[in-house]
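Trainee: Supplied in structure tokens, the structure appears directly below.
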Amino acid sequence: MVRLAAVLVMLVLGLAQVALAEESALDKAMRKNPDRFSERAIDLIAGFGGPDGLRAEGIEEHIALERAGARASALRRFLAMDLDGDGVVGKAELAVCQRAANAKTRGRMERQFAAADSNADGQVDAAELNAAGQVAGQLGLDEAEAGVLRALITLDANGDGALQANELLAAVARVSDGS
Ligand SMILES: [Ca+2]
Ligand SMILES: [Ca+2]
């Protein structure tokens with residue numbers, strides 16, 4: 001019995017070590033390009049933080065704004081092809097817009113239209129447009145990147161719930177020194 005317990009303890013310790021050894025996505029992002037990472041994070045703190053620093057809510061606001069921006073750009077491109085303004089983009093409308101566009105844009109239009117027309121009936125309706133917007137929003141800031149941004153709050157060294165620039169710089173310095 002004692003032996004079994006000892007084996008279990010060893011196993012748990014072993015697993016904990018594996019977990020510790022695995023570098024977090026945040027550490028990886030910081031180590032990859034410390035200067036650029038610091039720059040971006042300082043901008044984030046300045047732009048979305050309050051007087052005491054960047055809180056989790058500020059990070060969520062940033063993520064939502066980035067995604068909304070990407071979503072709006074994608075929707076705008078589609079709406080600009082809705083020549084008769086009925087909320088649906090048809091193949092004929094696509095063709096007119098492609099004629100007016102340069103070669104590179106033509107290809108992109110074709111690809112984006114095909115991707116958005118999920119039931120492949122040759123038109124992008126309101127529901128498909130909405131779905132295409134959601135996809136573009138997620139692509140604008142994907143879950144991996146959002147995870148790294150959300151993890152920034154773990155660098156809050158003094159535990160006041162907000163990340164200050166000095167805490168960020170100390171964390172980046174620690175990670176890049178360890179390489
Ligand atoms: Ca239309
Ligand atoms: Ca369709």
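By convention in this document, the chains of the structure tokens carry letters A, B, ... by their order, each chain's residues are numbered from 1, and ligands are numbered from 1 in the order they are shown.
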If you take only C-alpha atoms and a cut-off of 10 Å, which residues of stretch 30-79 of chain A touch stretch 129-147 of chain A, and what are their nearest atom pairs and distances in Å to one decimal, in chain and number order, as a tab-separated table?
Mentor:
```
residue	atom	partner	partner_atom	distance
A:Ile59	CA	A:Ala146	CA	8.8
A:Glu60	CA	A:Ala146	CA	8.7
A:His62	CA	A:Ala146	CA	9.5
A:Ile63	CA	A:Ala146	CA	6.7
A:Ala64	CA	A:Gly137	CA	8.9
A:Leu65	CA	A:Gly137	CA	9.5
A:Glu66	CA	A:Leu141	CA	6.6
A:Arg67	CA	A:Gly137	CA	4.2
A:Ala68	CA	A:Gly137	CA	6.0
A:Gly69	CA	A:Gly137	CA	7.3
A:Ala70	CA	A:Gly137	CA	4.9
A:Arg71	CA	A:Gly137	CA	4.3
A:Ala72	CA	A:Gly133	CA	7.1
A:Ser73	CA	A:Gly133	CA	8.4
A:Ala74	CA	A:Gly133	CA	5.9
A:Leu75	CA	A:Gly133	CA	5.7
A:Arg76	CA	A:Gly133	CA	9.4
A:Phe78	CA	A:Leu129	CA	7.5
A:Leu79	CA	A:Leu129	CA	8.9
```
Trainee: Can you pull out every residue with an atom within 6 Å of ligand 1? Use only C-alpha atoms and all ligand atoms and format it as a list of chain:residue names.
Mentor: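 Listing the residues within 6 Å of ligand 1 gives A:Asp82, A:Leu83, A:Asp84, A:Gly85, A:Asp86, A:Gly87, A:Val88, A:Val89, A:Gly90.
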Trainee: Let's have the selection written as a compact mmCIF listing (two decimals), in the first residue's frame, with N, CA and C atoms.
Mentor:
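What landed in result13.txt:
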```
# COMPACT_ATOMS: atom_id res chain seq x y z
N ASP A 82 -23.08 44.23 -53.61
CA ASP A 82 -24.55 44.09 -53.68
C ASP A 82 -25.10 45.28 -54.46
N LEU A 83 -25.00 45.17 -55.77
CA LEU A 83 -25.26 46.33 -56.63
C LEU A 83 -26.71 46.80 -56.58
N ASP A 84 -27.65 45.87 -56.44
CA ASP A 84 -29.06 46.29 -56.38
C ASP A 84 -29.54 46.50 -54.94
N GLY A 85 -28.64 46.30 -53.99
CA GLY A 85 -28.97 46.61 -52.60
C GLY A 85 -30.06 45.76 -51.99
N ASP A 86 -30.21 44.51 -52.45
CA ASP A 86 -31.27 43.66 -51.88
C ASP A 86 -30.75 42.76 -50.75
N GLY A 87 -29.50 42.95 -50.36
CA GLY A 87 -28.96 42.18 -49.24
C GLY A 87 -28.39 40.84 -49.65
N VAL A 88 -28.46 40.53 -50.95
CA VAL A 88 -27.94 39.27 -51.46
C VAL A 88 -26.95 39.59 -52.58
N VAL A 89 -25.80 38.91 -52.58
CA VAL A 89 -24.85 39.10 -53.68
C VAL A 89 -24.94 37.89 -54.60
N GLY A 90 -25.33 38.14 -55.84
CA GLY A 90 -25.46 37.06 -56.81
C GLY A 90 -24.26 36.98 -57.72
```
Trainee: Residues within 12 Å of ligand 2 (only C-alpha atoms and all ligand atoms), as an MDAnalysis selection string?
Mentor: chainID A and resid 88:91 113:132
Trainee: Taking the DSSP assignment computed from this structure's backbone, write out as a ChimeraX atom specification all residues of stretch 36-136 of chain A that belong to strand (DSSP E).
Mentor: /A:89-90,123-124
Trainee: Please determine, counting only C-alpha atoms, which residue among A:Leu168, A:Arg3, A:Asp177, A:Glu57 has the shortest atom-to-atom distance to A:Ile42.
Mentor: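 Closest residue, counting only C-alpha atoms: A:Leu168.
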Trainee: Fewer than 3 positions away in the same chain doesn't count, so skip those; otherwise give me all residues within 7 Å of A:Phe48, counting only C-alpha atoms, as a VMD selection string.
Mentor: chain A and resid 44 to 45 54 58 62
Trainee: Would you put the residues from that selection into a file with C-alpha atoms, as a CSV table (one decimal), in the first residue's frame?
Mentor:
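After the write, result-v1.csv holds the following:
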```csv
chain,number,residue,atom,x,y,z
A,44,LEU,CA,-2.3,47.7,-25.4
A,45,ILE,CA,-1.7,48.8,-21.8
A,54,LEU,CA,-4.6,46.8,-18.1
A,58,GLY,CA,-9.5,45.8,-21.3
A,62,HIS,CA,-9.3,44.9,-27.5
```
